[in-house]
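Coordinates from upload_13.cif are shown below (mmCIF, C-alpha atoms).
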data_data
loop_
_atom_site.label_atom_id
_atom_site.label_comp_id
_atom_site.auth_asym_id
_atom_site.auth_seq_id
_atom_site.Cartn_x
_atom_site.Cartn_y
_atom_site.Cartn_z
CA MET A 1 -135.57 82.34 67.54
CA ARG A 2 -132.26 82.56 65.77
CA LEU A 3 -128.98 83.99 67.05
CA LEU A 4 -127.44 86.48 64.63
CA ALA A 5 -124.39 88.72 64.72
CA VAL A 6 -125.34 92.40 64.80
CA ASP A 7 -123.46 93.01 61.56
CA SER A 8 -125.77 90.45 59.88
CA LEU A 9 -128.98 92.23 60.93
CA ARG A 10 -131.23 93.88 58.38
CA PRO A 11 -134.06 96.43 58.76
CA GLY A 12 -137.39 94.68 59.24
CA MET A 13 -136.07 91.88 61.43
CA LYS A 14 -137.79 91.58 64.82
CA LEU A 15 -136.03 91.12 68.14
CA GLY A 16 -136.64 87.77 69.78
CA LYS A 17 -135.38 88.78 73.24
CA LYS A 18 -135.17 92.05 75.14
CA ILE A 19 -132.13 94.33 75.16
CA TYR A 20 -131.17 95.69 78.58
CA ASN A 21 -129.15 98.73 79.68
CA GLU A 22 -126.53 98.75 82.44
CA ASP A 23 -129.22 98.93 85.15
CA GLY A 24 -131.03 95.89 83.83
CA LEU A 25 -133.85 98.04 82.46
CA VAL A 26 -135.38 97.23 79.10
CA LEU A 27 -133.87 99.30 76.29
CA LEU A 28 -135.58 97.50 73.39
CA SER A 29 -138.46 95.07 73.84
CA GLU A 30 -138.93 91.79 72.05
CA GLU A 31 -141.01 92.01 68.87
CA VAL A 32 -139.52 95.43 68.08
CA GLU A 33 -138.95 95.78 64.35
CA LEU A 34 -135.39 96.89 63.80
CA ASN A 35 -134.44 99.81 61.57
CA ASP A 36 -131.04 101.08 60.41
CA ARG A 37 -130.70 103.47 63.34
CA MET A 38 -131.42 100.74 65.91
CA ILE A 39 -128.99 98.30 64.29
CA LYS A 40 -126.24 100.92 64.25
CA ARG A 41 -126.94 101.74 67.89
CA LEU A 42 -126.72 98.09 68.94
CA GLY A 43 -123.20 97.98 67.56
CA GLU A 44 -122.28 101.27 69.22
CA VAL A 45 -123.28 100.06 72.69
CA GLY A 46 -121.23 96.90 72.40
CA ILE A 47 -123.77 94.22 71.53
CA ALA A 48 -122.35 91.60 69.18
CA TYR A 49 -125.22 89.08 68.91
CA VAL A 50 -129.00 89.24 69.30
CA TYR A 51 -131.89 86.82 69.07
CA ILE A 52 -134.18 87.40 66.11
CA HIS A 53 -137.66 86.05 65.45
CA ASP A 54 -137.67 83.46 62.70
CA PRO A 55 -140.77 81.48 61.61
CA GLN A 56 -138.66 78.34 61.17
CA THR A 57 -137.35 78.43 64.74
CA ASP A 58 -139.94 80.41 66.72
CA ASP A 59 -140.71 77.36 68.83
CA ILE A 60 -137.26 77.61 70.44
CA ASP A 61 -137.51 78.91 74.00
CA ILE A 62 -134.39 80.69 75.22
CA PRO A 63 -134.50 80.55 79.04
CA ASP A 64 -132.95 83.27 81.20
CA MET A 65 -130.71 82.16 84.05
CA ILE A 66 -132.56 84.44 86.48
CA GLN A 67 -135.80 86.43 86.44
CA GLU A 68 -135.86 89.90 84.94
CA LYS A 69 -136.79 91.51 88.28
CA THR A 70 -133.88 89.74 89.99
CA ARG A 71 -131.47 90.94 87.30
CA GLN A 72 -132.71 94.54 87.59
CA LYS A 73 -132.47 94.56 91.37
CA ALA A 74 -128.98 93.05 91.33
CA LEU A 75 -127.57 95.39 88.70
CA GLN A 76 -129.06 98.47 90.32
CA GLU A 77 -127.61 97.53 93.74
CA ILE A 78 -124.19 96.71 92.28
CA ARG A 79 -124.15 100.02 90.42
CA LYS A 80 -125.28 101.98 93.49
CA GLN A 81 -122.77 100.43 95.90
CA PHE A 82 -119.83 100.43 93.48
CA ARG A 83 -120.40 104.08 92.58
CA GLU A 84 -120.56 105.05 96.26
CA LEU A 85 -117.29 103.20 96.85
CA SER A 86 -115.47 104.89 93.96
CA GLY A 87 -112.59 106.94 95.26
CA PHE A 88 -113.28 106.22 98.92
CA THR A 89 -110.50 105.62 101.47
CA LEU A 90 -110.08 102.20 103.04
CA GLN A 91 -110.77 103.77 106.43
CA LYS A 92 -114.40 104.42 105.46
CA SER A 93 -117.03 102.03 106.88
CA VAL A 94 -118.21 99.30 104.53
CA SER A 95 -120.19 97.34 107.11
CA HIS A 96 -123.42 97.84 105.14
CA LEU A 97 -122.25 95.80 102.14
CA GLY A 98 -123.20 92.46 103.66
CA LYS A 99 -126.79 93.55 104.16
CA ALA A 100 -126.94 95.29 100.79
CA PHE A 101 -125.96 92.17 98.86
CA GLY A 102 -127.29 89.45 101.15
CA GLY A 103 -130.90 89.81 100.01
CA ILE A 104 -129.87 89.92 96.36
CA MET A 105 -127.90 86.70 96.75
CA GLU A 106 -130.92 84.99 98.28
CA SER A 107 -133.04 85.97 95.25
CA ILE A 108 -130.37 84.78 92.81
CA LEU A 109 -130.03 81.44 94.59
CA GLU A 110 -133.79 81.01 94.63
CA ASP A 111 -133.99 81.63 90.87
CA ILE A 112 -131.12 79.27 90.05
CA GLY A 113 -132.37 76.63 92.48
CA SER A 114 -135.86 76.68 90.95
CA ARG A 115 -134.52 75.53 87.58
CA GLN A 116 -134.09 71.80 87.17
CA ASP A 117 -131.32 71.93 84.57
CA THR A 118 -129.36 75.13 85.07
CA MET A 119 -126.67 75.62 82.46
CA ILE A 120 -124.26 78.41 81.68
CA MET A 121 -125.83 80.23 78.76
CA LEU A 122 -124.66 83.30 76.86
CA ASN A 123 -126.24 85.28 79.65
CA ASP A 124 -125.43 88.88 78.71
CA LEU A 125 -126.08 88.79 74.98
CA GLY A 126 -128.84 91.33 75.35
CA SER A 127 -127.04 93.72 77.68
CA THR A 128 -125.38 96.94 76.61
CA ASP A 129 -121.99 98.03 77.89
CA GLN A 130 -120.25 94.91 79.18
CA ASN A 131 -119.14 96.93 82.19
CA LEU A 132 -118.06 96.17 85.74
CA TYR A 133 -121.66 95.81 86.96
CA GLN A 134 -122.81 93.34 84.31
CA HIS A 135 -119.54 91.43 84.47
CA SER A 136 -119.86 91.07 88.25
CA LEU A 137 -123.36 89.63 87.98
CA THR A 138 -122.51 87.33 85.10
CA VAL A 139 -119.46 85.88 86.86
CA CYS A 140 -121.64 85.34 89.91
CA LEU A 141 -124.25 83.40 87.92
CA TYR A 142 -121.62 81.25 86.21
CA SER A 143 -119.85 80.54 89.51
CA LEU A 144 -123.07 79.51 91.22
CA VAL A 145 -123.94 77.09 88.42
CA LEU A 146 -120.49 75.55 88.83
CA GLY A 147 -120.82 75.42 92.61
CA LYS A 148 -124.23 73.79 92.35
CA ALA A 149 -122.87 71.19 89.93
CA ASN A 150 -119.99 70.55 92.34
CA GLY A 151 -122.45 69.68 95.11
CA TYR A 152 -122.03 72.75 97.31
CA ASN A 153 -124.57 73.22 100.11
CA ARG A 154 -126.51 76.46 100.58
CA GLN A 155 -123.94 78.04 102.90
CA GLN A 156 -121.14 77.29 100.46
CA LEU A 157 -123.19 78.70 97.59
CA LEU A 158 -123.80 81.89 99.60
CA GLU A 159 -120.08 82.27 100.26
CA LEU A 160 -119.18 81.56 96.64
CA GLY A 161 -122.02 83.77 95.37
CA ILE A 162 -121.02 86.83 97.38
CA GLY A 163 -117.36 86.27 96.60
CA SER A 164 -117.99 86.02 92.86
CA LEU A 165 -120.45 88.92 92.81
CA LEU A 166 -117.88 91.17 94.51
CA HIS A 167 -114.70 89.65 93.07
CA ASP A 168 -113.86 92.89 91.21
CA ILE A 169 -114.96 95.35 93.91
CA GLY A 170 -111.36 96.53 94.18
CA LYS A 171 -111.67 98.08 90.73
CA THR A 172 -113.83 100.80 92.29
CA GLN A 173 -110.57 102.25 93.60
CA LEU A 174 -108.80 102.38 90.25
CA SER A 175 -108.67 105.27 87.83
CA PRO A 176 -111.62 105.36 85.40
CA ASP A 177 -109.15 106.34 82.69
CA ILE A 178 -107.60 102.88 82.98
CA LEU A 179 -110.80 100.91 83.55
CA LEU A 180 -112.61 102.53 80.63
CA LYS A 181 -109.67 102.61 78.25
CA PRO A 182 -110.99 101.42 74.87
CA GLY A 183 -107.77 99.71 73.75
CA LYS A 184 -105.29 97.34 75.33
CA LEU A 185 -103.47 98.43 78.48
CA THR A 186 -99.80 99.31 78.67
CA SER A 187 -97.60 97.22 80.96
CA GLU A 188 -97.69 100.01 83.57
CA GLU A 189 -101.48 100.23 83.40
CA TYR A 190 -101.77 96.46 83.69
CA LEU A 191 -99.68 96.50 86.87
CA GLU A 192 -102.03 99.16 88.24
CA VAL A 193 -105.09 97.04 87.42
CA GLN A 194 -103.55 94.06 89.22
CA LYS A 195 -103.86 95.97 92.48
CA HIS A 196 -107.64 95.48 92.44
CA ALA A 197 -107.33 91.95 93.85
CA GLN A 198 -105.55 93.03 97.02
CA ILE A 199 -107.72 96.14 97.37
CA GLY A 200 -110.90 94.09 97.02
CA TYR A 201 -109.74 91.74 99.76
CA GLN A 202 -108.95 94.69 102.04
CA ILE A 203 -112.48 96.04 101.51
CA LEU A 204 -114.39 92.78 101.97
CA LYS A 205 -112.49 91.41 104.96
CA LYS A 206 -113.78 94.40 106.97
CA VAL A 207 -117.44 93.56 106.36
CA PRO A 208 -118.86 91.63 109.35
CA ASP A 209 -121.66 89.92 107.38
CA ILE A 210 -119.38 88.71 104.58
CA SER A 211 -117.39 85.50 105.00
CA LEU A 212 -113.60 85.70 104.84
CA LEU A 213 -113.83 82.98 102.18
CA SER A 214 -115.81 85.41 100.03
CA ALA A 215 -113.10 88.02 100.50
CA ILE A 216 -110.50 85.44 99.42
CA CYS A 217 -112.35 85.13 96.09
CA ALA A 218 -111.50 88.78 95.44
CA LEU A 219 -107.88 88.23 96.48
CA GLN A 220 -107.17 85.02 94.59
CA HIS A 221 -109.37 84.94 91.45
CA HIS A 222 -106.38 85.85 89.26
CA GLU A 223 -104.05 83.28 90.82
CA ARG A 224 -103.22 80.29 88.60
CA ILE A 225 -102.22 76.79 89.66
CA ASP A 226 -98.74 76.99 88.06
CA GLY A 227 -97.86 80.09 90.09
CA THR A 228 -98.03 82.57 87.18
CA GLY A 229 -101.05 84.48 88.51
CA TYR A 230 -101.30 87.49 90.79
CA PRO A 231 -101.07 89.13 93.29
CA ASN A 232 -99.09 86.50 95.24
CA ARG A 233 -98.08 83.91 92.61
CA LEU A 234 -99.75 81.14 94.58
CA HIS A 235 -99.63 77.54 93.44
CA ASN A 236 -102.41 74.96 93.22
CA GLY A 237 -102.87 73.93 96.85
CA GLU A 238 -102.49 77.50 98.09
CA ILE A 239 -105.49 78.76 96.11
CA HIS A 240 -108.95 78.31 97.60
CA GLU A 241 -111.37 76.23 95.54
CA TYR A 242 -113.92 79.06 95.46
CA ALA A 243 -111.36 81.38 93.90
CA LYS A 244 -110.52 78.76 91.26
CA TRP A 245 -114.17 78.58 90.19
CA VAL A 246 -114.43 82.37 90.11
CA GLY A 247 -111.21 82.57 88.09
CA LEU A 248 -112.63 80.18 85.49
CA ALA A 249 -115.93 82.06 85.27
CA ASP A 250 -114.12 85.40 85.09
CA SER A 251 -111.88 84.23 82.23
CA TYR A 252 -114.79 82.73 80.30
CA ASP A 253 -116.89 85.87 80.59
CA ALA A 254 -113.95 88.03 79.49
CA MET A 255 -113.48 85.85 76.41
CA THR A 256 -117.17 85.87 75.41
CA ALA A 257 -117.63 89.61 76.04
CA ASN A 258 -117.45 92.17 73.27
CA ARG A 259 -114.47 94.51 73.38
CA SER A 260 -113.67 97.59 71.34
CA TYR A 261 -110.42 95.99 70.20
CA ARG A 262 -111.72 92.46 69.45
CA ALA A 263 -114.85 90.49 68.70
CA PRO A 264 -116.25 88.14 71.36
CA MET A 265 -115.57 84.44 71.23
CA LEU A 266 -118.50 82.06 70.95
CA PRO A 267 -118.81 79.54 73.82
CA HIS A 268 -117.17 76.62 72.03
CA GLN A 269 -114.22 78.83 71.11
CA ALA A 270 -113.85 80.13 74.68
CA VAL A 271 -114.00 76.63 76.19
CA GLU A 272 -111.35 75.48 73.73
CA ALA A 273 -109.18 78.44 74.73
CA LEU A 274 -109.62 77.62 78.42
CA TYR A 275 -108.56 74.03 77.78
CA THR A 276 -105.19 75.23 76.54
CA GLY A 277 -104.53 76.09 80.20
CA ALA A 278 -105.46 72.63 81.53
CA GLY A 279 -103.00 71.57 84.22
CA THR A 280 -101.14 74.87 84.11
CA LEU A 281 -103.63 77.68 84.63
CA TYR A 282 -106.72 75.68 85.62
CA GLU A 283 -107.35 72.29 87.18
CA GLN A 284 -108.36 69.59 84.70
CA TYR A 285 -111.37 68.37 86.72
CA MET A 286 -112.69 71.93 86.99
CA LEU A 287 -112.43 72.44 83.25
CA GLU A 288 -114.30 69.18 82.69
CA LYS A 289 -117.02 70.27 85.11
CA PHE A 290 -117.18 73.65 83.39
CA ARG A 291 -117.47 72.05 79.96
CA ASP A 292 -120.34 69.90 81.21
CA CYS A 293 -122.17 72.95 82.57
CA VAL A 294 -121.85 75.35 79.66
CA ALA A 295 -124.10 75.45 76.62
CA ILE A 296 -121.17 75.23 74.20
CA TYR A 297 -123.56 75.59 71.27
CA PRO A 298 -126.33 77.93 72.56
CA LEU A 299 -129.95 77.56 71.53
CA GLY A 300 -130.65 79.36 68.27
CA LEU A 301 -127.02 79.24 67.12
CA PRO A 302 -126.56 78.72 63.36
CA VAL A 303 -124.24 75.80 62.60
CA VAL A 304 -122.79 73.93 59.62
CA LEU A 305 -122.56 70.15 59.88
CA SER A 306 -119.89 67.82 58.53
CA THR A 307 -122.46 66.74 55.93
CA GLY A 308 -122.42 70.28 54.52
CA GLU A 309 -125.98 70.90 55.72
CA GLU A 310 -126.85 74.04 57.68
CA GLY A 311 -129.16 74.39 60.62
CA ILE A 312 -129.97 75.83 64.04
CA VAL A 313 -129.42 74.44 67.55
CA VAL A 314 -132.94 73.73 68.86
CA ARG A 315 -132.42 71.56 71.97
CA ILE A 316 -129.62 70.82 74.41
CA ASP A 317 -129.39 67.74 76.61
CA PRO A 318 -127.69 68.93 79.84
CA ARG A 319 -126.03 65.52 80.09
CA ILE A 320 -124.36 65.92 76.67
CA PRO A 321 -124.32 69.68 75.95
CA HIS A 322 -121.70 69.35 73.19
CA ARG A 323 -124.00 67.11 71.10
CA PRO A 324 -127.18 69.19 70.65
CA VAL A 325 -130.23 68.62 68.46
CA ILE A 326 -129.94 70.49 65.15
CA ARG A 327 -132.85 71.55 62.94
CA VAL A 328 -131.52 71.26 59.40
CA LEU A 329 -132.80 74.12 57.24
CA LYS A 330 -130.54 73.90 54.18
CA ASP A 331 -129.01 71.08 52.23
CA GLN A 332 -125.33 70.73 51.39
CA ASP A 333 -125.78 73.02 48.39
CA GLY A 334 -127.21 75.81 50.54
CA GLN A 335 -130.74 75.33 49.25
CA GLU A 336 -133.63 75.95 51.65
CA LEU A 337 -135.43 72.72 52.59
CA ALA A 338 -139.19 72.61 52.02
CA ALA A 339 -139.46 70.26 55.00
CA PRO A 340 -136.76 70.93 57.64
CA TYR A 341 -135.86 67.98 59.86
CA GLU A 342 -133.88 67.43 63.06
CA ILE A 343 -130.70 65.51 63.80
CA ASP A 344 -129.86 64.50 67.38
CA LEU A 345 -126.07 64.60 67.39
CA SER A 346 -125.97 62.52 70.57
CA ALA A 347 -127.50 59.65 68.57
CA VAL A 348 -125.85 60.27 65.18
CA LEU A 349 -122.18 60.21 66.15
CA SER A 350 -120.93 60.23 62.58
CA VAL A 351 -122.06 63.86 62.14
CA ILE A 352 -120.27 66.75 63.83
CA ILE A 353 -120.51 70.54 63.89
CA THR A 354 -117.79 72.01 61.68
CA GLU A 355 -118.76 75.71 61.81
CA ALA A 356 -120.78 77.73 64.31
CA GLY A 357 -121.93 81.28 64.69
CA GLY A 358 -123.17 82.17 61.26
CA MET A 359 -124.73 80.47 58.28
CA LYS A 360 -123.22 81.11 54.86
CA LYS A 361 -124.17 84.59 53.72
CA ALA A 362 -126.57 84.75 56.66
CA GLU A 363 -127.64 88.29 55.97
CA GLU A 364 -128.73 87.29 52.47
CA GLN A 365 -130.17 83.86 53.11
CA ALA A 366 -131.92 84.12 56.48
CA GLY A 367 -135.20 85.30 54.96
CA LEU A 368 -136.20 87.03 58.18
CA GLY A 369 -138.26 90.13 58.79
#
Would you mind writing the file's structure down as structure tokens?
Amino acid sequence: MRLLAVDSLRPGMKLGKKIYNEDGLVLLSEEVELNDRMIKRLGEVGIAYVYIHDPQTDDIDIPDMIQEKTRQKALQEIRKQFRELSGFTLQKSVSHLGKAFGGIMESILEDIGSRQDTMIMLNDLGSTDQNLYQHSLTVCLYSLVLGKANGYNRQQLLELGIGSLLHDIGKTQLSPDILLKPGKLTSEEYLEVQKHAQIGYQILKKVPDISLLSAICALQHHERIDGTGYPNRLHNGEIHEYAKWVGLADSYDAMTANRSYRAPMLPHQAVEALYTGAGTLYEQYMLEKFRDCVAIYPLGLPVVLSTGEEGIVVRIDPRIPHRPVIRVLKDQDGQELAAPYEIDLSAVLSVIITEAGGMKKAEEQAGLG
């Protein structure tokens, strides 16, 4: 499979992975042959990249972080509970939330725990409407991968998992006009959005089956170690470690998500952007752990090498994710190779990736469909 930007798709290409709606239900199945109407619709619903079948790379297996049935169950429960909470008063009982999400968290942990080498992938590429529900689940998955890599035990992962899954629950109390605004927020609107952290904490701390540490994730995930965050301008030692992980995952997902006013960043771009906050916004050791857990160059991603050759990421070594194996498909002159070959960048240190995300004139040269 090959990863292509939606604006590089052409009629006749076949989907390599499913497209899901906001409930985690299949909108378009793999093997579907795309037409003009479908391609236009993908752009309209906010999908920036898709996996496409390609004879030269069809042996690439793109693993999902969790099973499809787990994703569907989680998204449907998040949507149900968040919609029921919308507009409610803080005096209303929320005691059922612990039970509602406890079983889901067990399923998510089981799925993540069953994978030997869990990495942070571009998890929501095939999901429409990067909304509150999908964002909540994605941040949860990223946070759990980070917690697992940090050596957390099962109880800690449960606390972190619930806290990250519900980190934005306070947004259920905000005006939809602000949450769904297609453009950038005004300063007044941004101040209103900032209230969601405190509101989320007020909701979660009342739930008997949810740890107070999970509630603190909602309260502190926008705090930054230099004291410039919100709502309480806490400094490094005052911010709980769980909330720091959730804050990293939340920022990364926001950067790699499609927005009406900007294109999404690719993973290597987002990680580079996060590193600009090393020692000020985020702790250095956490950024290093994050970098080691994320597939900076996802499987199927088109790349250009320092040799001028073009290829596709075909394998990732979890120990060195920033030096993947590249299948070279074109020479330095852009000519298709009769016999593609692979370069393991972890072994050939003199070669680096200079461009990622799209081969030259990809829509003309891909030869797919």
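For Ile112 of chain A, the set of protein, DNA and RNA residues having any atom at most 8 Å away, when counting all atoms listed in the file and skipping those fewer than 5 positions along the same chain, is A:Met65, A:Ile66, A:Thr118, A:Val145.
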Write out as an mmCIF file with C-alpha atoms, keeping the file's coordinate frame the residues lying within 6 Å of Leu329 of chain A, counting only C-alpha atoms and excluding same-chain residues fewer than 6 positions away.
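Final file, selection16.cif:
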data_model
loop_
_atom_site.group_PDB
_atom_site.id
_atom_site.type_symbol
_atom_site.label_atom_id
_atom_site.label_comp_id
_atom_site.auth_asym_id
_atom_site.auth_seq_id
_atom_site.Cartn_x
_atom_site.Cartn_y
_atom_site.Cartn_z
ATOM 1 C CA GLU A 310 -126.850 74.040 57.680
ATOM 2 C CA GLY A 311 -129.160 74.390 60.620
ATOM 3 C CA GLU A 336 -133.630 75.950 51.650
ATOM 4 C CA LEU A 337 -135.430 72.720 52.590
ATOM 5 C CA PRO A 340 -136.760 70.930 57.640
#
Please, which residues in segment 222-265 of chain A fall within 9 Å of segment 186-207 of chain A when counting only C-alpha atoms, and what is the closest atom pair and distance in Å to one decimal for each, ordered by chain then residue number, as a Markdown table?
| residue | atom | partner | partner_atom | distance |
| --- | --- | --- | --- | --- |
| A:His222 | CA | A:Ala197 | CA | 7.7 |
| A:Tyr230 | CA | A:Gln194 | CA | 7.1 |
| A:Pro231 | CA | A:Gln194 | CA | 6.9 |
*Taking the file as shown, what set of residues would the PyMOL selection byres ((chain A and resi 213) around 8) give back, as a PyMOL selection string?*
chain A and resi 159-160+163+211-212+214-217+242
*Name the residues in contact with segment 29-39 of chain A at a cut-off of 8 Å, using only C-alpha atoms, excluding same-chain residues fewer than 2 positions from it; report them as a list in words.*
Val6, Leu9, Arg10, Pro11, Gly12, Met13, Lys14, Leu15, Gly16, Lys17, Lys18, Ile19, Val26, Leu27, Arg41, Leu42, Gly43, His53 and Gly369 of chain A
*For the structure provided, state which residues fall under the PyMOL selection byres ((chain A and resi 165) around 12), and present them as a PyMOL selection string.*
chain A and resi 74-75+77-79+82+97-98+101-102+104-105+108+132-144+157-164+166-170+200+204+210+214-215+217-218+221+243+246+249-250
Limited to C-alpha atoms, could you put the picked residues into a file as a CSV table (one decimal), keeping the file's coordinate frame?
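Contents of part06.csv, freshly written:
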chain,number,residue,atom,x,y,z
A,74,ALA,CA,-129.0,93.0,91.3
A,75,LEU,CA,-127.6,95.4,88.7
A,77,GLU,CA,-127.6,97.5,93.7
A,78,ILE,CA,-124.2,96.7,92.3
A,79,ARG,CA,-124.2,100.0,90.4
A,82,PHE,CA,-119.8,100.4,93.5
A,97,LEU,CA,-122.2,95.8,102.1
A,98,GLY,CA,-123.2,92.5,103.7
A,101,PHE,CA,-126.0,92.2,98.9
A,102,GLY,CA,-127.3,89.4,101.2
A,104,ILE,CA,-129.9,89.9,96.4
A,105,MET,CA,-127.9,86.7,96.8
A,108,ILE,CA,-130.4,84.8,92.8
A,132,LEU,CA,-118.1,96.2,85.7
A,133,TYR,CA,-121.7,95.8,87.0
A,134,GLN,CA,-122.8,93.3,84.3
A,135,HIS,CA,-119.5,91.4,84.5
A,136,SER,CA,-119.9,91.1,88.2
A,137,LEU,CA,-123.4,89.6,88.0
A,138,THR,CA,-122.5,87.3,85.1
A,139,VAL,CA,-119.5,85.9,86.9
A,140,CYS,CA,-121.6,85.3,89.9
A,141,LEU,CA,-124.2,83.4,87.9
A,142,TYR,CA,-121.6,81.2,86.2
A,143,SER,CA,-119.8,80.5,89.5
A,144,LEU,CA,-123.1,79.5,91.2
A,157,LEU,CA,-123.2,78.7,97.6
A,158,LEU,CA,-123.8,81.9,99.6
A,159,GLU,CA,-120.1,82.3,100.3
A,160,LEU,CA,-119.2,81.6,96.6
A,161,GLY,CA,-122.0,83.8,95.4
A,162,ILE,CA,-121.0,86.8,97.4
A,163,GLY,CA,-117.4,86.3,96.6
A,164,SER,CA,-118.0,86.0,92.9
A,166,LEU,CA,-117.9,91.2,94.5
A,167,HIS,CA,-114.7,89.6,93.1
A,168,ASP,CA,-113.9,92.9,91.2
A,169,ILE,CA,-115.0,95.4,93.9
A,170,GLY,CA,-111.4,96.5,94.2
A,200,GLY,CA,-110.9,94.1,97.0
A,204,LEU,CA,-114.4,92.8,102.0
A,210,ILE,CA,-119.4,88.7,104.6
A,214,SER,CA,-115.8,85.4,100.0
A,215,ALA,CA,-113.1,88.0,100.5
A,217,CYS,CA,-112.4,85.1,96.1
A,218,ALA,CA,-111.5,88.8,95.4
A,221,HIS,CA,-109.4,84.9,91.4
A,243,ALA,CA,-111.4,81.4,93.9
A,246,VAL,CA,-114.4,82.4,90.1
A,249,ALA,CA,-115.9,82.1,85.3
A,250,ASP,CA,-114.1,85.4,85.1
*Enter the distance from atom CA of Gly357 of chain A to atom CA of Pro302 of chain A, in Å, rounded to one decimal.*
5.5 Å
*Taking the file as shown, what set of residues would the PyMOL selection byres ((chain A and resi 291) around 12) give back, as a ChimeraX atom specification?*
/A:119-121,142,145-146,149,248-249,252,267-275,284-290,292-297,318-322
_What's the separation between atom CA of Lys99 of chain A and atom CA of Ser114 of chain A, in Å to one decimal place?_
23.3 Å
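Using all atoms listed in the file, the shortest contact distance between Glu342 of chain A and any of A:Glu355, A:Glu241, A:Glu309, A:Asp7 is found at A:Glu309.
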*atom CA of Arg315 of chain A to atom CA of Arg154 of chain A: how many Å, to one decimal?*
29.6 Å
Residues near segment 57-60 of chain A, cut-off 8 Å, only C-alpha atoms, skip fewer than 2 positions along chain, as a CSV table (one decimal) with C-alpha atoms, in the coordinates of the input:
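As a result, selection_7.csv now contains:
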chain,number,residue,atom,x,y,z
A,1,MET,CA,-135.6,82.3,67.5
A,2,ARG,CA,-132.3,82.6,65.8
A,53,HIS,CA,-137.7,86.0,65.4
A,54,ASP,CA,-137.7,83.5,62.7
A,55,PRO,CA,-140.8,81.5,61.6
A,62,ILE,CA,-134.4,80.7,75.2
A,299,LEU,CA,-130.0,77.6,71.5
A,300,GLY,CA,-130.6,79.4,68.3
A,312,ILE,CA,-130.0,75.8,64.0
A,314,VAL,CA,-132.9,73.7,68.9
A,315,ARG,CA,-132.4,71.6,72.0
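Nearest to Lys73 of chain A of all the residues A:Ala48, A:Leu345, A:Val313, A:Leu25 is A:Leu25, based on only C-alpha atoms.
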Taking every listed atom of segment 39-49 of chain A and adding 8 Å to each side, what centre and edge lengths in Å (one decimal) does the axis-aligned box have, as AutoDock Vina command-line options?
--center_x -125.1 --center_y 95.4 --center_z 68.5 --size_x 23.8 --size_y 28.7 --size_z 24.4
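Using only C-alpha atoms, the shortest contact distance between Lys181 of chain A and any of A:Ser346, A:Asn21, A:Asn131, A:Ser306 is found at A:Asn131.
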Can segment 275-284 of chain A be brought up to N, CA, C and O atoms and written out as a CSV table (one decimal), keeping the file's coordinate frame?
chain,number,residue,atom,x,y,z
A,275,TYR,N,-109.2,75.4,77.7
A,275,TYR,CA,-108.6,74.0,77.8
A,275,TYR,C,-107.1,74.1,77.5
A,275,TYR,O,-106.3,73.2,77.8
A,276,THR,N,-106.6,75.1,76.8
A,276,THR,CA,-105.2,75.2,76.5
A,276,THR,C,-104.4,75.5,77.8
A,276,THR,O,-103.2,75.3,77.9
A,277,GLY,N,-105.2,75.9,78.9
A,277,GLY,CA,-104.5,76.1,80.2
A,277,GLY,C,-104.7,74.9,81.2
A,277,GLY,O,-104.5,75.1,82.4
A,278,ALA,N,-105.2,73.8,80.7
A,278,ALA,CA,-105.5,72.6,81.5
A,278,ALA,C,-104.2,72.2,82.2
A,278,ALA,O,-103.2,71.9,81.5
A,279,GLY,N,-104.2,72.1,83.5
A,279,GLY,CA,-103.0,71.6,84.2
A,279,GLY,C,-101.9,72.6,84.5
A,279,GLY,O,-101.0,72.4,85.2
A,280,THR,N,-102.1,73.8,83.9
A,280,THR,CA,-101.1,74.9,84.1
A,280,THR,C,-101.8,76.1,84.8
A,280,THR,O,-101.5,76.5,85.8
A,281,LEU,N,-102.9,76.6,84.1
A,281,LEU,CA,-103.6,77.7,84.6
A,281,LEU,C,-104.8,77.2,85.5
A,281,LEU,O,-105.1,77.8,86.5
A,282,TYR,N,-105.5,76.2,85.0
A,282,TYR,CA,-106.7,75.7,85.6
A,282,TYR,C,-106.6,74.2,85.9
A,282,TYR,O,-106.0,73.5,85.1
A,283,GLU,N,-107.3,73.7,86.9
A,283,GLU,CA,-107.4,72.3,87.2
A,283,GLU,C,-108.2,71.5,86.1
A,283,GLU,O,-109.3,72.0,85.7
A,284,GLN,N,-107.7,70.4,85.7
A,284,GLN,CA,-108.4,69.6,84.7
A,284,GLN,C,-109.8,69.2,85.1
A,284,GLN,O,-110.7,69.4,84.3
